[in-house]
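Engineer: Just one file: data.cif, with mmCIF, C-alpha atoms and all ligand atoms.
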data_my_file
loop_
_atom_site.label_atom_id
_atom_site.label_comp_id
_atom_site.auth_asym_id
_atom_site.auth_seq_id
_atom_site.Cartn_x
_atom_site.Cartn_y
_atom_site.Cartn_z
CA MET C 1 15.59 40.57 -71.09
CA ILE C 2 17.95 41.46 -73.94
CA ILE C 3 17.28 40.33 -77.51
CA ARG C 4 20.62 40.66 -79.28
CA ASN C 5 21.39 41.13 -82.95
CA VAL C 6 18.05 41.60 -84.72
CA ARG C 7 17.24 43.82 -87.70
CA ILE C 8 14.05 45.87 -87.26
CA LEU C 9 12.14 45.68 -90.58
CA GLY C 10 15.36 44.36 -92.14
CA GLY C 11 17.50 47.37 -91.10
CA GLU C 12 20.84 47.59 -89.27
CA PRO C 13 21.50 45.05 -86.47
CA VAL C 14 20.40 46.24 -83.02
CA ASP C 15 19.92 44.94 -79.50
CA LEU C 16 16.51 45.32 -77.82
CA ARG C 17 16.21 45.66 -74.07
CA VAL C 18 12.79 44.57 -72.80
CA VAL C 19 11.60 45.58 -69.34
CA ASP C 20 8.15 44.91 -67.87
CA GLY C 21 6.71 43.78 -71.20
CA ALA C 22 7.78 46.87 -73.13
CA ILE C 23 10.76 47.84 -75.25
CA ALA C 24 12.95 49.91 -72.93
CA ALA C 25 15.87 50.69 -75.24
CA ILE C 26 17.20 50.00 -78.73
CA THR C 27 20.96 50.21 -79.25
CA PRO C 28 23.31 49.27 -82.11
CA ALA C 29 24.16 45.56 -81.94
CA GLY C 30 26.91 44.73 -79.50
CA GLN C 31 26.72 47.99 -77.57
CA ALA C 32 24.11 46.91 -75.04
CA ALA C 33 25.63 46.41 -71.64
CA ALA C 34 25.98 42.82 -70.52
CA GLY C 35 22.84 41.37 -69.00
CA ALA C 36 22.31 42.24 -65.38
CA ASP C 37 21.89 39.49 -62.81
CA GLY C 38 19.05 37.18 -63.83
CA GLU C 39 18.47 39.00 -67.10
CA GLN C 40 17.62 36.63 -69.94
CA VAL C 41 19.72 37.04 -73.11
CA ILE C 42 18.35 35.82 -76.44
CA ASP C 43 20.54 35.69 -79.55
CA GLY C 44 18.49 36.92 -82.51
CA GLN C 45 21.21 35.78 -84.97
CA GLY C 46 20.43 38.60 -87.37
CA ALA C 47 16.75 37.74 -87.75
CA ILE C 48 14.31 40.36 -89.02
CA ALA C 49 12.20 41.85 -86.22
CA LEU C 50 8.60 42.71 -87.07
CA PRO C 51 5.87 44.01 -84.81
CA GLY C 52 3.87 40.94 -83.70
CA LEU C 53 1.48 39.93 -86.46
CA VAL C 54 -2.25 40.60 -86.05
CA ASP C 55 -4.88 38.49 -87.83
CA LEU C 56 -8.28 40.03 -88.48
CA HIS C 57 -9.78 36.74 -89.66
CA THR C 58 -9.19 33.49 -87.74
CA HIS C 59 -11.57 30.61 -87.11
CA LEU C 60 -10.76 29.13 -83.69
CA ARG C 61 -13.84 26.80 -83.78
CA GLU C 62 -14.42 26.96 -80.01
CA PRO C 63 -17.10 26.59 -78.74
CA GLY C 64 -18.61 23.73 -80.71
CA ARG C 65 -15.98 22.17 -82.97
CA GLU C 66 -13.15 21.47 -80.56
CA ASP C 67 -12.25 18.46 -82.73
CA ALA C 68 -11.11 20.92 -85.44
CA GLU C 69 -9.47 23.57 -83.23
CA THR C 70 -9.61 25.14 -79.78
CA VAL C 71 -8.66 28.55 -78.49
CA GLN C 72 -5.54 26.91 -77.11
CA SER C 73 -4.46 25.00 -80.25
CA GLY C 74 -5.46 27.80 -82.61
CA THR C 75 -3.46 30.38 -80.71
CA GLN C 76 -0.50 28.00 -80.47
CA SER C 77 -0.74 27.84 -84.26
CA ALA C 78 -0.91 31.63 -84.37
CA ALA C 79 2.16 32.04 -82.16
CA ARG C 80 4.10 29.58 -84.36
CA GLY C 81 3.15 31.76 -87.33
CA GLY C 82 4.42 34.91 -85.61
CA TYR C 83 1.04 36.27 -84.48
CA THR C 84 0.50 38.07 -81.18
CA ALA C 85 -3.23 38.76 -81.69
CA VAL C 86 -6.07 37.14 -83.60
CA HIS C 87 -9.71 38.00 -84.17
CA ALA C 88 -11.86 34.92 -83.62
CA MET C 89 -14.70 34.65 -86.14
CA ALA C 90 -18.27 34.32 -84.90
CA ASN C 91 -19.44 31.21 -86.77
CA THR C 92 -18.99 28.93 -83.79
CA SER C 93 -21.61 26.70 -82.18
CA PRO C 94 -23.31 28.44 -80.46
CA VAL C 95 -22.80 31.46 -82.71
CA ALA C 96 -21.03 34.41 -81.07
CA ASP C 97 -24.09 36.65 -81.37
CA THR C 98 -24.56 37.66 -77.70
CA ALA C 99 -22.49 39.29 -74.99
CA GLY C 100 -22.49 35.90 -73.21
CA VAL C 101 -20.80 33.99 -76.03
CA VAL C 102 -18.23 36.66 -76.92
CA GLU C 103 -17.33 36.91 -73.23
CA GLN C 104 -16.94 33.13 -73.10
CA VAL C 105 -14.47 33.21 -76.02
CA TRP C 106 -12.70 36.22 -74.52
CA ARG C 107 -12.32 34.39 -71.17
CA LEU C 108 -11.01 31.26 -72.90
CA GLY C 109 -8.47 33.55 -74.54
CA ARG C 110 -7.40 35.05 -71.23
CA GLU C 111 -7.02 31.59 -69.71
CA PHE C 112 -5.57 29.39 -72.45
CA ALA C 113 -4.37 31.52 -75.33
CA HIS C 114 -0.82 31.93 -76.60
CA CYS C 115 -1.72 35.30 -78.13
CA ASP C 116 -4.41 37.93 -77.59
CA VAL C 117 -7.87 36.77 -78.68
CA HIS C 118 -10.44 39.34 -79.79
CA PRO C 119 -13.86 37.84 -80.46
CA VAL C 120 -15.72 38.97 -83.57
CA GLY C 121 -19.44 39.39 -83.01
CA ALA C 122 -22.07 38.11 -85.42
CA VAL C 123 -24.00 40.78 -87.34
CA THR C 124 -27.27 38.84 -87.33
CA VAL C 125 -28.83 36.40 -84.86
CA GLY C 126 -27.54 32.89 -85.57
CA LEU C 127 -25.90 34.18 -88.78
CA GLU C 128 -29.39 33.75 -90.23
CA GLY C 129 -29.53 37.15 -91.91
CA ARG C 130 -32.97 37.95 -90.54
CA GLN C 131 -32.51 40.14 -87.46
CA LEU C 132 -29.63 42.16 -86.04
CA ALA C 133 -27.69 40.57 -83.18
CA GLU C 134 -27.03 42.46 -79.91
CA LEU C 135 -24.24 44.55 -81.39
CA GLY C 136 -24.28 47.17 -78.63
CA ALA C 137 -24.25 44.60 -75.84
CA MET C 138 -21.27 42.84 -77.42
CA ALA C 139 -19.45 46.16 -77.80
CA ASP C 140 -20.11 46.99 -74.13
CA SER C 141 -19.15 43.50 -72.89
CA ALA C 142 -15.81 42.56 -71.34
CA ALA C 143 -14.76 41.43 -74.83
CA ARG C 144 -15.11 45.05 -76.13
CA VAL C 145 -16.10 43.79 -79.60
CA ARG C 146 -15.37 46.22 -82.43
CA VAL C 147 -15.42 43.90 -85.45
CA PHE C 148 -18.71 42.30 -86.49
CA SER C 149 -19.13 39.70 -89.21
CA ASP C 150 -21.43 36.90 -90.36
CA ASP C 151 -18.36 35.44 -92.10
CA GLY C 152 -19.07 32.16 -93.78
CA ARG C 153 -22.28 33.83 -94.83
CA CYS C 154 -23.04 37.13 -96.49
CA VAL C 155 -25.31 39.77 -94.98
CA ASP C 156 -27.23 39.85 -98.25
CA ASP C 157 -30.30 41.82 -97.11
CA ALA C 158 -29.49 45.44 -98.01
CA VAL C 159 -31.73 46.90 -95.29
CA LEU C 160 -30.11 44.79 -92.55
CA MET C 161 -26.65 45.69 -93.85
CA ARG C 162 -27.56 49.37 -93.79
CA ARG C 163 -28.87 49.12 -90.22
CA ALA C 164 -25.76 47.26 -89.06
CA LEU C 165 -23.49 49.89 -90.60
CA GLU C 166 -25.50 52.65 -88.90
CA TYR C 167 -25.57 50.88 -85.55
CA VAL C 168 -21.82 50.31 -85.14
CA LYS C 169 -21.01 53.98 -85.75
CA ALA C 170 -21.96 54.69 -82.11
CA PHE C 171 -18.94 52.75 -80.82
CA ASP C 172 -16.56 53.04 -83.78
CA GLY C 173 -17.20 49.44 -84.85
CA VAL C 174 -16.75 47.97 -88.30
CA ILE C 175 -18.80 45.50 -90.32
CA ALA C 176 -16.61 42.87 -92.03
CA GLN C 177 -18.57 41.56 -94.96
CA HIS C 178 -18.20 38.10 -96.51
CA ALA C 179 -19.19 39.30 -99.99
CA GLN C 180 -21.08 36.49 -101.69
CA GLU C 181 -24.47 37.00 -103.33
CA PRO C 182 -26.16 33.75 -102.24
CA ARG C 183 -28.50 33.24 -105.19
CA LEU C 184 -25.67 33.65 -107.70
CA THR C 185 -23.60 31.03 -105.84
CA ALA C 186 -26.23 28.40 -104.98
CA GLY C 187 -24.44 25.04 -105.11
CA ALA C 188 -21.20 26.65 -106.30
CA GLN C 189 -18.11 24.43 -106.05
CA MET C 190 -15.25 26.39 -107.62
CA ASN C 191 -14.43 29.54 -109.59
CA GLU C 192 -16.69 29.93 -112.63
CA GLY C 193 -14.46 29.84 -115.68
CA VAL C 194 -12.72 27.66 -118.22
CA VAL C 195 -11.65 25.05 -115.65
CA SER C 196 -15.08 24.69 -113.99
CA GLY C 197 -16.57 24.25 -117.48
CA ARG C 198 -14.11 21.47 -118.31
CA LEU C 199 -14.59 19.72 -114.96
CA GLY C 200 -18.37 20.07 -114.92
CA LEU C 201 -18.40 21.67 -111.45
CA THR C 202 -20.96 24.38 -110.65
CA GLY C 203 -19.24 27.75 -111.07
CA TRP C 204 -18.89 30.55 -108.54
CA PRO C 205 -18.97 33.71 -110.63
CA ALA C 206 -16.77 36.69 -109.81
CA VAL C 207 -19.82 38.92 -110.13
CA ALA C 208 -21.36 37.32 -107.02
CA GLU C 209 -18.54 38.87 -104.96
CA GLU C 210 -18.23 42.09 -106.92
CA ALA C 211 -21.95 42.96 -106.82
CA ILE C 212 -22.02 42.80 -103.00
CA ILE C 213 -18.79 44.79 -102.64
CA ALA C 214 -20.15 47.53 -104.92
CA ARG C 215 -23.46 47.65 -103.06
CA ASP C 216 -21.83 47.75 -99.64
CA CYS C 217 -19.33 50.46 -100.60
CA LEU C 218 -22.30 52.59 -101.67
CA LEU C 219 -24.20 51.76 -98.47
CA ALA C 220 -21.21 52.55 -96.24
CA ALA C 221 -20.72 55.87 -98.00
CA HIS C 222 -24.43 56.66 -97.74
CA VAL C 223 -24.51 56.20 -93.95
CA GLY C 224 -20.93 57.36 -93.33
CA SER C 225 -19.79 54.19 -91.61
CA ARG C 226 -16.74 51.92 -91.59
CA LEU C 227 -16.84 48.86 -93.87
CA HIS C 228 -14.28 46.07 -94.19
CA ILE C 229 -14.34 43.53 -97.02
CA CYS C 230 -13.17 40.02 -96.14
CA HIS C 231 -10.98 37.89 -98.44
CA VAL C 232 -11.15 39.81 -101.74
CA SER C 233 -10.54 37.32 -104.53
CA THR C 234 -11.16 38.86 -107.97
CA ALA C 235 -9.62 41.50 -110.24
CA GLY C 236 -13.05 43.10 -110.60
CA SER C 237 -13.36 43.51 -106.83
CA VAL C 238 -10.03 45.33 -106.86
CA GLU C 239 -11.34 47.78 -109.48
CA ILE C 240 -14.44 48.51 -107.40
CA LEU C 241 -12.36 49.06 -104.24
CA ARG C 242 -10.00 51.35 -106.12
CA TRP C 243 -12.96 53.45 -107.25
CA ALA C 244 -14.56 53.49 -103.78
CA LYS C 245 -11.30 54.51 -102.13
CA SER C 246 -10.77 57.28 -104.69
CA LYS C 247 -13.96 58.80 -103.26
CA GLY C 248 -12.37 58.92 -99.82
CA TRP C 249 -14.83 56.47 -98.31
CA ASN C 250 -13.93 54.68 -95.08
CA ILE C 251 -13.46 51.22 -96.58
CA THR C 252 -10.77 48.61 -95.92
CA ALA C 253 -10.15 45.20 -97.46
CA GLU C 254 -8.16 42.04 -96.89
CA VAL C 255 -6.67 39.30 -99.05
CA THR C 256 -5.67 35.83 -97.87
CA PRO C 257 -2.22 34.33 -98.45
CA HIS C 258 -3.72 31.52 -100.53
CA HIS C 259 -5.44 33.94 -102.90
CA LEU C 260 -2.04 35.59 -103.43
CA LEU C 261 -0.41 32.32 -104.51
CA LEU C 262 -2.80 29.61 -105.73
CA THR C 263 -5.05 29.38 -108.80
CA ASP C 264 -8.17 27.46 -109.81
CA ASP C 265 -6.38 25.18 -112.28
CA LEU C 266 -5.01 23.28 -109.24
CA VAL C 267 -8.50 21.73 -108.99
CA GLU C 268 -7.86 20.06 -112.35
CA GLU C 269 -4.15 19.30 -112.08
CA SER C 270 -1.91 19.44 -109.01
CA PRO C 271 0.81 17.51 -107.19
CA VAL C 272 -1.96 15.84 -105.18
CA GLY C 273 -4.12 14.93 -108.17
CA ALA C 274 -7.37 16.24 -109.63
CA TYR C 275 -10.48 17.15 -107.63
CA ASN C 276 -8.49 17.26 -104.39
CA PRO C 277 -10.68 19.05 -101.82
CA ILE C 278 -7.59 20.51 -100.17
CA TYR C 279 -8.10 23.29 -102.76
CA LYS C 280 -11.78 23.80 -101.93
CA VAL C 281 -12.17 27.15 -100.23
CA ASN C 282 -14.61 30.04 -99.91
CA PRO C 283 -14.18 32.30 -101.83
CA PRO C 284 -12.70 29.91 -104.39
CA LEU C 285 -9.21 30.04 -105.86
CA ARG C 286 -9.41 32.22 -108.98
CA THR C 287 -7.29 32.70 -112.11
CA ARG C 288 -3.68 33.80 -112.61
CA ALA C 289 -4.97 37.23 -113.77
CA ASP C 290 -6.89 37.60 -110.48
CA VAL C 291 -3.79 36.64 -108.47
CA GLU C 292 -1.74 39.28 -110.31
CA ALA C 293 -4.41 41.92 -109.66
CA LEU C 294 -4.59 41.02 -105.94
CA ARG C 295 -0.81 41.25 -105.56
CA ALA C 296 -0.73 44.65 -107.27
CA ALA C 297 -3.63 45.85 -105.10
CA LEU C 298 -1.93 44.74 -101.87
CA ALA C 299 1.27 46.47 -103.00
CA ASP C 300 -0.42 49.79 -103.85
CA GLY C 301 -2.71 49.82 -100.78
CA THR C 302 -6.02 49.24 -102.58
CA ILE C 303 -6.16 46.11 -100.46
CA ASP C 304 -5.07 47.14 -96.97
CA ILE C 305 -4.10 43.94 -95.20
CA VAL C 306 -3.37 40.22 -95.34
CA ALA C 307 -5.74 38.09 -93.22
CA THR C 308 -5.39 34.34 -93.00
CA ASP C 309 -9.00 33.06 -92.97
CA HIS C 310 -7.42 30.16 -91.02
CA ALA C 311 -10.21 27.57 -91.35
CA PRO C 312 -9.37 24.29 -89.62
CA HIS C 313 -11.34 21.17 -90.55
CA PRO C 314 -10.87 17.60 -89.32
CA VAL C 315 -9.74 14.97 -91.82
CA GLU C 316 -13.18 13.41 -92.21
CA ASP C 317 -14.66 16.73 -93.36
CA LYS C 318 -11.92 17.34 -95.90
CA GLU C 319 -10.76 13.95 -97.23
CA THR C 320 -13.99 13.09 -98.97
CA GLU C 321 -15.40 13.61 -102.45
CA TRP C 322 -15.13 17.17 -103.77
CA SER C 323 -18.80 18.11 -103.59
CA ALA C 324 -19.19 16.91 -99.98
CA ALA C 325 -15.95 18.38 -98.62
CA ALA C 326 -15.86 21.36 -96.26
CA MET C 327 -14.52 24.64 -97.58
CA GLY C 328 -11.40 26.18 -96.08
CA MET C 329 -7.68 25.91 -95.37
CA VAL C 330 -5.50 26.37 -92.30
CA GLY C 331 -3.15 29.30 -92.73
CA LEU C 332 -1.66 30.76 -89.55
CA GLU C 333 1.58 28.78 -89.62
CA THR C 334 2.37 29.43 -93.28
CA ALA C 335 1.04 32.98 -93.79
CA LEU C 336 4.30 34.90 -93.45
CA SER C 337 6.17 32.46 -95.69
CA VAL C 338 3.49 32.64 -98.39
CA VAL C 339 3.53 36.44 -98.23
CA GLN C 340 7.32 36.37 -98.56
CA GLU C 341 7.00 34.11 -101.61
CA ALA C 342 4.20 36.10 -103.29
CA MET C 343 5.10 39.68 -102.32
CA VAL C 344 8.69 40.01 -101.08
CA GLU C 345 10.53 37.64 -103.43
CA THR C 346 8.67 39.31 -106.32
CA GLY C 347 9.86 42.76 -105.22
CA LEU C 348 6.32 44.03 -104.59
CA LEU C 349 6.77 44.65 -100.84
CA ASP C 350 9.68 45.25 -98.47
CA TRP C 351 9.59 44.20 -94.80
CA ALA C 352 8.21 47.56 -93.72
CA GLY C 353 5.36 46.99 -96.16
CA VAL C 354 4.77 43.51 -94.77
CA ALA C 355 4.68 44.89 -91.20
CA GLU C 356 2.10 47.50 -92.23
CA ARG C 357 -0.16 44.94 -93.87
CA MET C 358 0.14 42.09 -91.37
CA SER C 359 0.40 44.01 -88.07
CA VAL C 360 -0.01 47.79 -88.01
CA VAL C 361 -3.10 48.19 -90.18
CA PRO C 362 -5.01 45.07 -89.02
CA ALA C 363 -4.57 46.31 -85.43
CA ARG C 364 -5.87 49.73 -86.48
CA ILE C 365 -8.94 48.26 -88.21
CA GLY C 366 -9.68 46.16 -85.09
CA ARG C 367 -9.04 49.19 -82.84
CA LEU C 368 -6.42 47.30 -80.80
CA SER C 369 -4.31 49.86 -78.97
CA GLY C 370 -1.58 47.54 -77.64
CA GLN C 371 -0.85 45.71 -80.91
CA GLY C 372 0.59 46.71 -84.26
CA ARG C 373 2.85 49.34 -82.75
CA PRO C 374 6.17 50.15 -84.47
CA LEU C 375 9.15 48.64 -82.64
CA GLU C 376 10.51 51.61 -80.73
CA ALA C 377 11.29 52.46 -77.12
CA GLY C 378 8.10 52.57 -75.07
CA ALA C 379 6.12 50.23 -77.33
CA PRO C 380 4.74 46.94 -75.97
CA ALA C 381 7.22 44.15 -76.71
CA ASN C 382 5.02 42.30 -79.21
CA ILE C 383 7.74 41.07 -81.54
CA THR C 384 8.13 38.47 -84.28
CA LEU C 385 11.64 37.32 -85.23
CA TYR C 386 11.80 35.92 -88.75
CA ASP C 387 14.63 34.38 -90.77
CA PRO C 388 13.82 35.01 -94.45
CA SER C 389 16.83 33.01 -95.68
CA ALA C 390 15.52 29.71 -94.28
CA ARG C 391 13.80 27.27 -96.59
CA THR C 392 11.22 24.95 -95.06
CA GLU C 393 9.33 22.01 -96.50
CA VAL C 394 5.77 22.31 -95.19
CA ASP C 395 5.02 19.34 -92.91
CA PRO C 396 1.42 19.47 -91.64
CA SER C 397 2.14 16.82 -89.00
CA ALA C 398 4.37 19.39 -87.29
CA PHE C 399 1.60 22.01 -87.08
CA ALA C 400 0.42 23.22 -83.69
CA SER C 401 -3.08 23.45 -85.17
CA LYS C 402 -5.35 20.48 -84.51
CA SER C 403 -6.13 20.39 -88.23
CA ARG C 404 -3.92 19.56 -91.20
CA ASN C 405 -5.84 20.96 -94.19
CA THR C 406 -3.02 22.93 -95.78
CA PRO C 407 -2.63 23.23 -99.56
CA TYR C 408 1.14 23.61 -99.14
CA GLU C 409 2.03 20.10 -97.91
CA GLY C 410 5.39 19.08 -99.34
CA MET C 411 6.02 22.51 -100.86
CA THR C 412 9.22 24.31 -99.94
CA LEU C 413 8.42 27.82 -98.77
CA PRO C 414 10.84 30.59 -97.85
CA GLY C 415 11.40 31.83 -94.32
CA ARG C 416 10.85 30.64 -90.79
CA VAL C 417 9.42 32.24 -87.65
CA VAL C 418 12.26 31.97 -85.14
CA ALA C 419 10.61 33.55 -82.11
CA THR C 420 7.45 35.35 -81.03
CA PHE C 421 7.13 37.58 -77.97
CA LEU C 422 3.83 38.64 -76.40
CA ARG C 423 4.40 41.69 -74.18
CA GLY C 424 7.96 40.50 -73.62
CA THR C 425 7.09 36.90 -72.83
CA PRO C 426 8.32 34.41 -75.42
CA THR C 427 5.54 32.23 -76.87
CA VAL C 428 7.89 30.70 -79.45
CA LEU C 429 11.68 30.27 -79.28
CA GLU C 430 13.91 28.52 -81.84
CA GLY C 431 10.75 27.89 -83.86
CA LYS C 432 9.16 25.89 -81.03
CA LEU C 433 6.32 26.68 -78.65
CA VAL C 434 7.49 27.77 -75.23
ZN ZN V 1 -15.51 34.21 -95.36
#
Starting from the file, lay out its structure as structure tokens.
Structural biologist:
Amino acid sequence: MIIRNVRILGGEPVDLRVVDGAIAAITPAGQAAAGADGEQVIDGQGAIALPGLVDLHTHLREPGREDAETVQSGTQSAARGGYTAVHAMANTSPVADTAGVVEQVWRLGREFAHCDVHPVGAVTVGLEGRQLAELGAMADSAARVRVFSDDGRCVDDAVLMRRALEYVKAFDGVIAQHAQEPRLTAGAQMNEGVVSGRLGLTGWPAVAEEAIIARDCLLAAHVGSRLHICHVSTAGSVEILRWAKSKGWNITAEVTPHHLLLTDDLVEESPVGAYNPIYKVNPPLRTRADVEALRAALADGTIDIVATDHAPHPVEDKETEWSAAAMGMVGLETALSVVQEAMVETGLLDWAGVAERMSVVPARIGRLSGQGRPLEAGAPANITLYDPSARTEVDPSAFASKSRNTPYEGMTLPGRVVATFLRGTPTVLEGKLV
């Protein structure tokens, strides 16, 4: 196959020759020999070529909530968003806390997925926070689990967190912490601040996140293990991470697209009215000052990666009164556009920086050898073609995801994923699933 006229990381136009799922040659545009007999030729039309995106934080909902999402629909959504690999979070039903369940998800991925699926293992049995799950058995299973998380819940017991960090060192695993001190956030509905005070909703203080991040950075340093912080949302968390990284500790962190763009005042006033649960998410949307701090931290590397926290929910769980609504937003199909809006259009990141934070580094944290590789001869042909000049009005009814809970409905966002290739096989062409 030849992919003509693409710009790697926004550089000069080139042609890519793909053979047996890998990039065989890269030549200046127009100089590649005509396609041999039966060779497929794809016109890239000057699109930017990025290494296939890798998400460290996706909720695929299977097994258990196939009404919200399945491995098939969730990975179709991922492919549409330019992803070639996702990590499937463990808070399914049953919970992915044994070798049996992670192998089940891994097999579903092999059979039905439109991108690579890497199951995340639970840290504690049933996400209950009382006893460690079979971390070693999950690591040794066919799923080769390296990322462990109770995401949705915090591992708040310091002794359990210490033991988990110690345990995963044996196989180079990482604990991904959902940092939320549960007692400080009992009944919390939105960011604690001026807006929550005006609306009379129970506040979710920044300190509940920051206290756990500080504790876990100290614990990870104490036992010499790898720690990853999920969905950082406050300026204070950024300060703690900056300090911890200055010590040389082995700590990484992610931010979601929505925390780079949206603020808590949308709960009070928005194009879709007040108290609209479309904005209800965990951790909550914060203030403009937090958004600015998160953008600066992603730009300077204090926050390492963007992860979607794609959290599909069916309509009945979302279109209800605020206090009863489920927390979370879908994000796979809009992530790259939101990052363009928040980080590229603002001059904070170039396309090489985007590739680092949405492909190269997430693959490294997840220890995925075949993903997140720079686009050069010999690399697997995991490729995302993206047209940053397009402008698209977000239409949830067109999503590949089974769920529609996007906060961007009706908004015009920059950019469009034109094509996605998984080891040379197109999963998306002309913006449509193959
Ligand atoms: Zn979470």
Engineer: Give me, as a PyMOL selection string, all polymer residues having an atom no more than 7 Å from C:Ile8, counting all atoms listed in the file and skipping those fewer than 3 positions away in the same chain.
Structural biologist: chain C and resi 11+48-50
Engineer: Give me a file of those residues, with C-alpha atoms, as an mmCIF file, in the coordinates of the input.
Structural biologist:
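So the final result, stored in out-v3.cif, reads:
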data_model
loop_
_atom_site.group_PDB
_atom_site.id
_atom_site.type_symbol
_atom_site.label_atom_id
_atom_site.label_comp_id
_atom_site.auth_asym_id
_atom_site.auth_seq_id
_atom_site.Cartn_x
_atom_site.Cartn_y
_atom_site.Cartn_z
ATOM 1 C CA GLY C 11 17.500 47.370 -91.100
ATOM 2 C CA ILE C 48 14.310 40.360 -89.020
ATOM 3 C CA ALA C 49 12.200 41.850 -86.220
ATOM 4 C CA LEU C 50 8.600 42.710 -87.070
#
Engineer: Got a sec: who's within 10 Å of C:His222, counting only C-alpha atoms, leaving out chain neighbours fewer than 6 positions off, as a ChimeraX atom specification?
Structural biologist: /C:162,165-166,216,249
Engineer: So which residues are close to (-17.2, 37.6, -84.8), meaning at most 10 Å away in the file's coordinates with all atoms listed in the file counted, and can you show them as a PyMOL selection string?
Structural biologist: chain C and resi 56-59+87-92+95-97+102+118-123+138+145-151+175-176
Engineer: Which of these residues is nearest to C:Asn282, using all atoms listed in the file: C:His178, C:Lys245, C:Arg357, C:Lys432?
Structural biologist: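 Among the listed residues, C:His178 lies closest to C:Asn282.
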Engineer: May I have a table of the residues of chain C lying at most 8 Å from ligand ZN 1 (chain V), giving each one's closest pair of atoms and their distance in Å to one decimal, counting all atoms listed in the file, ordered by chain and ascending residue number, as CSV?
Structural biologist:
residue,atom,partner,partner_atom,distance
C:Asp151,CA,V:ZN1,ZN,4.5
C:Gly152,CA,V:ZN1,ZN,4.4
C:Arg153,CA,V:ZN1,ZN,6.8
C:Gln177,CA,V:ZN1,ZN,8.0
C:His178,CA,V:ZN1,ZN,4.9
C:Ala179,CA,V:ZN1,ZN,7.8
C:Cys230,CA,V:ZN1,ZN,6.3
C:His231,CA,V:ZN1,ZN,6.6
C:Asn282,CA,V:ZN1,ZN,6.2
C:Pro283,CA,V:ZN1,ZN,6.9
C:Asp309,CA,V:ZN1,ZN,7.0
Engineer: Could those selected residues go to a file with C-alpha atoms, as a tab-separated table (two decimals), in the frame of the given file?
Structural biologist:
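Written output follows (again26.tsv):
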chain	number	residue	atom	x	y	z
C	151	ASP	CA	-18.36	35.44	-92.10
C	152	GLY	CA	-19.07	32.16	-93.78
C	153	ARG	CA	-22.28	33.83	-94.83
C	177	GLN	CA	-18.57	41.56	-94.96
C	178	HIS	CA	-18.20	38.10	-96.51
C	179	ALA	CA	-19.19	39.30	-99.99
C	230	CYS	CA	-13.17	40.02	-96.14
C	231	HIS	CA	-10.98	37.89	-98.44
C	282	ASN	CA	-14.61	30.04	-99.91
C	283	PRO	CA	-14.18	32.30	-101.83
C	309	ASP	CA	-9.00	33.06	-92.97
Engineer: Take atom CA of C:Arg226 and atom CA of C:Asp350 and report the distance between them in Å, one decimal.
Structural biologist: 28.1 Å
Engineer: Point out the residue among C:Val86, C:Ala297, C:Ala381, C:Val195 with the least atom-to-atom distance to C:Asp20, counting all atoms listed in the file.
Structural biologist: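 Of all the options, C:Ala381 lies closest to C:Asp20.
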Engineer: May I ask which of the residues C:Gly38, C:Gly372, C:Pro257, C:Gly46 is the closest one to C:Pro13, counting only C-alpha atoms?
Structural biologist: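 The closest residue to C:Pro13 is C:Gly46.
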Engineer: Go through C:Pro277, C:Gln104, C:Ser225, C:Asn250 and flag the residue nearest C:Ala324, using all atoms listed in the file for the distances.
Structural biologist: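 Distance minimum relative to C:Ala324 lands on C:Pro277.
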Engineer: Report, in Å with one decimal, the straight-line distance from atom CA of C:Gly187 to atom CA of C:Thr202.
Structural biologist: 6.6 Å
